[in-house]
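Remarks on the structure that follows.
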Amino acid sequence: MAATAAAATKLTTLPISCPLFVPSYRPRIGTVTAVFPRVKTSSLSSTSAWARRGPTISRRASSFLVRSSIAGLSETAPKSSEDEFPAAAAVYAIYDGDGELQFIGISRNVAASVAVHKKSLPDLCRSIKVGIIDQPDKETLTQAWKSWMEEYVKSTGKVPPGNESGNATWMRQPPRKKPDLRLTPGRHVQLTVPLEELIDKLVKENKVVAFIKGSRSAPLCGFSQKVIGILESVGSDYESIDVLDEEHNPGLRETLKTYSNWPTFPQIFVDGELVGGCDILAVMHEKGELASLLKS
Amino acid sequence: MSGAARKLATMAAAAATTTRAARIRSKLESLLETTVLEVEDVSHQHAGHAAVRESGGAGETHFNVRVVSPNFEGKTLVSRHRMVYDALSEELASGLHALSIVAKTPEEVAGKKK
């Protein structure tokens with residue numbers, strides 16, 4: 001179980017260079033810089049009620065603002081998106097060619113995040129304001145983001161378009177797990193072609209196929225789990241298929257052993273060829289041979 | 001376990017005069033002319049595994065083997081592993097469930113030490 005938990009953590013940990021999450025805009029009385037009427041949900045689109053009235057700064061909050069070392073949004077000078085940005089934790093605001101604020105984000109590596117945004121949205125990234133944060137703990141980052149958001153909402157009465165609820169333009173969506181492949185839609189479906197032929201077609205039509213025990217989201221064997229971890233870590237767009245799923249893949253487990261002349265699982269095929277099982281994949285990964293093989 | 005399965009298990013137990021580890025060792029030694037051979041029974045690490053429960057919890061299902069053999073010369077990892085699996089086909093057919101294999105040539109081992 002410990003191994004499962006560790007692997008799960010590994011898979012969900014985002015690379016440090018990707019744009020950080022942008023926190024939900026839920027006021028927490030006592031810890032936030034400004035106190036505003038509670039809104040029912042955390043979605044920004046529903047914050048128009050308080051946006052109209054504007055946040056009220058509490059006495060406690062104003063003492064926080066004095067201690068805060070982050071300059072306000074309006075006090076920060078914009079830089080061209082062509083400039084160099086430090087690889088530091090920061091709150092940042094991205095403006096388009098018309099000087100319209102598009103998005104406010106936070107990152108532990110603003111240089112990397114800006115690079116990602118520039119690559120995916122070159123037309124919307126003309127100038128960028130950056131507020132470097134010396135203490136890059138989550139709370140400080142969140143506070144900095146909130147203070148810039150509040151300043152913008154207060155002065156314009158609206159939320160930056162990229163921060164609107166449901167707007168996925170700027171934030172990386174959590175990667176959707178591919179479903180496992182299935183040989184048949186369900187029980188009692190007679191295959192019209194021999195199973196060996198179907199396997200042959202499957203491994204030749206897909207670049208990388210991993211025959212595993214269990215599903216890719218819940219592997220039922222440590223070796224299969226390790227293989228998935230390796231494939232995910234090299235960013236392979238692999239297909240997986242569950243050899244234990246007798247309902248959808250009847251007979252696959254035994255037939256595959258004959259087809260591949262390999263008695264155990266998992267089995268990984270690349271370009272129709274058996275690369276091996278867990279041990280071989282791990283060795284190739286250690287040697288750094290895997291990424292090129294899977295992508296070429 | 002059904003009656004037939006129990007009978008089979010009894011027969012298998014009778015045939016197995018030695019441990020599986022010992023059989024693996026002797027088969028790899030003779031068929032692959034190993035210069036170094038380590039066989040480790042790690043079945044206890046997989047005690048909760050479905051396949052282990054299927055086998056009636058008898059153990060001897062999971063092994064780590066480290067094989068150094070001149071016969072691996074010029075062979076890919078896939079073919080080396082296949083040679084090991086082929087040598088142990090009887091064991092795989094009688095309840096050996098998984099092998100973790102390290103397969104090297106004497107030269108590769110020597111090269112690493114330098």
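Ligands are numbered from 1 in the order shown, residues from 1 within each chain, and chains are lettered A, B, ... in the order they appear in the structure tokens.
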
Enumerate as a short mmCIF file (atom, residue, chain, number, x, y, z; two decimals) with C-alpha atoms, in the first residue's frame the residues belonging to chain A that approach chain B to within 7 Å, with only C-alpha atoms taken into account.
data_model
loop_
_atom_site.label_atom_id
_atom_site.label_comp_id
_atom_site.auth_asym_id
_atom_site.auth_seq_id
_atom_site.Cartn_x
_atom_site.Cartn_y
_atom_site.Cartn_z
CA TRP A 262 6.78 -14.18 -23.07
CA THR A 264 4.72 -12.90 -17.65
CA VAL A 275 10.43 -4.45 -25.74
CA GLY A 276 10.15 -6.53 -22.61
CA ASP A 279 12.85 -5.13 -15.65
CA ILE A 280 13.88 -4.31 -19.20
#

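Distances here use only C-alpha atoms; by that measure, the residue among A:Ser215, A:Asp134, A:Ala93, A:His117 closest to Ser147 in chain A is A:Ala93.
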
### Message
Report, in Å to a single decimal, how far apart CA of Asn64 in chain B and CA of Phe223 in chain A are.
### Response
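Interatomic distance, CA of Phe223 in chain A to CA of Asn64 in chain B: 12.8 Å.
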
### Query
Which one of B:Gly74, B:Gln45, B:Leu88, B:Arg80 sits closest to Arg25 in chain B if you count only C-alpha atoms?
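Of B:Gly74, B:Gln45, B:Leu88, B:Arg80, the one nearest Arg25 in chain B, counting only C-alpha atoms, is B:Leu88.
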
### Task
Tell me which protein, DNA and RNA residues are within 7 Å of Ser43 in chain B, counting only C-alpha atoms, leaving out same-chain ones fewer than 3 positions away, and put them as a VMD selection string.
chain B and resid 46 to 47 59 to 63

### Message
List as a PyMOL selection string the protein and nucleic acid residues near range 239-242 of chain A, meaning an atom at most 8 Å away when only C-alpha atoms are counted, but skip any in the same chain fewer than 5 places from it.
### Response
chain A and resi 178-182+206+208-216+249

Keeping only C-alpha atoms, write the selected residues as a compact mmCIF listing (two decimals), in the first residue's frame.
# COMPACT_ATOMS: atom_id res chain seq x y z
CA LYS A 178 -6.83 7.80 -21.32
CA PRO A 179 -9.22 4.91 -21.01
CA ASP A 180 -7.72 1.45 -21.27
CA LEU A 181 -8.13 -0.24 -24.63
CA ARG A 182 -10.62 -3.09 -24.87
CA ASN A 206 -0.30 1.86 -31.83
CA VAL A 208 3.34 2.05 -27.53
CA VAL A 209 1.09 -0.57 -25.98
CA ALA A 210 1.38 -1.77 -22.40
CA PHE A 211 -0.38 -5.00 -21.52
CA ILE A 212 -0.89 -4.68 -17.81
CA LYS A 213 -2.74 -6.26 -14.92
CA GLY A 214 -5.52 -3.93 -13.91
CA SER A 215 -6.31 -0.57 -15.40
CA ARG A 216 -3.83 2.25 -15.90
CA ASN A 249 -10.56 -9.00 -23.25

### Task
Would you work out the distance separating CA of Glu91 in chain B from CA of Met284 in chain A, expressed in Å to one decimal?
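CA of Met284 in chain A lies 27.3 Å from CA of Glu91 in chain B.
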
### All alpha helix (DSSP H) residues (DSSP, backbone) inside range 64-136 of chain A, as a PyMOL selection string
chain A and resi 64-67+110-120

Give me a file of those residues, with N, CA and C atoms, as a CSV table (one decimal), in the first residue's frame.
chain,number,residue,atom,x,y,z
A,64,PHE,N,-1.7,44.0,7.6
A,64,PHE,CA,-1.0,43.0,6.8
A,64,PHE,C,-0.4,43.6,5.5
A,65,LEU,N,-1.2,44.5,5.0
A,65,LEU,CA,-0.8,45.2,3.7
A,65,LEU,C,0.5,46.0,4.0
A,66,VAL,N,0.6,46.5,5.2
A,66,VAL,CA,1.8,47.3,5.5
A,66,VAL,C,3.1,46.4,5.5
A,67,ARG,N,2.8,45.2,6.1
A,67,ARG,CA,3.9,44.2,6.2
A,67,ARG,C,4.3,43.6,4.8
A,110,VAL,N,8.7,31.9,-12.3
A,110,VAL,CA,7.9,32.8,-13.2
A,110,VAL,C,8.5,32.8,-14.6
A,111,ALA,N,9.8,32.6,-14.8
A,111,ALA,CA,10.4,32.5,-16.1
A,111,ALA,C,9.8,31.4,-16.9
A,112,ALA,N,9.7,30.2,-16.2
A,112,ALA,CA,9.2,29.0,-16.9
A,112,ALA,C,7.7,29.2,-17.2
A,113,SER,N,7.0,29.8,-16.3
A,113,SER,CA,5.5,29.9,-16.5
A,113,SER,C,5.3,30.9,-17.7
A,114,VAL,N,6.0,32.0,-17.7
A,114,VAL,CA,5.9,33.0,-18.8
A,114,VAL,C,6.2,32.4,-20.1
A,115,ALA,N,7.3,31.6,-20.1
A,115,ALA,CA,7.7,30.9,-21.3
A,115,ALA,C,6.6,30.0,-21.9
A,116,VAL,N,5.9,29.3,-21.0
A,116,VAL,CA,4.8,28.4,-21.3
A,116,VAL,C,3.7,29.2,-21.9
A,117,HIS,N,3.3,30.3,-21.2
A,117,HIS,CA,2.2,31.2,-21.7
A,117,HIS,C,2.6,31.8,-23.1
A,118,LYS,N,3.8,32.2,-23.2
A,118,LYS,CA,4.2,32.9,-24.5
A,118,LYS,C,4.1,31.9,-25.6
A,119,LYS,N,4.5,30.7,-25.3
A,119,LYS,CA,4.5,29.6,-26.4
A,119,LYS,C,3.0,29.3,-26.8
A,120,SER,N,2.1,29.2,-25.8
A,120,SER,CA,0.8,28.7,-26.1
A,120,SER,C,-0.1,29.9,-26.6

### Query
Hey, what's within 6 Å of range 31-38 of chain B if we count only C-alpha atoms and toss same-chain stuff fewer than 2 positions away? As a VMD selection string, please?
chain B and resid 27 to 29 65 to 69
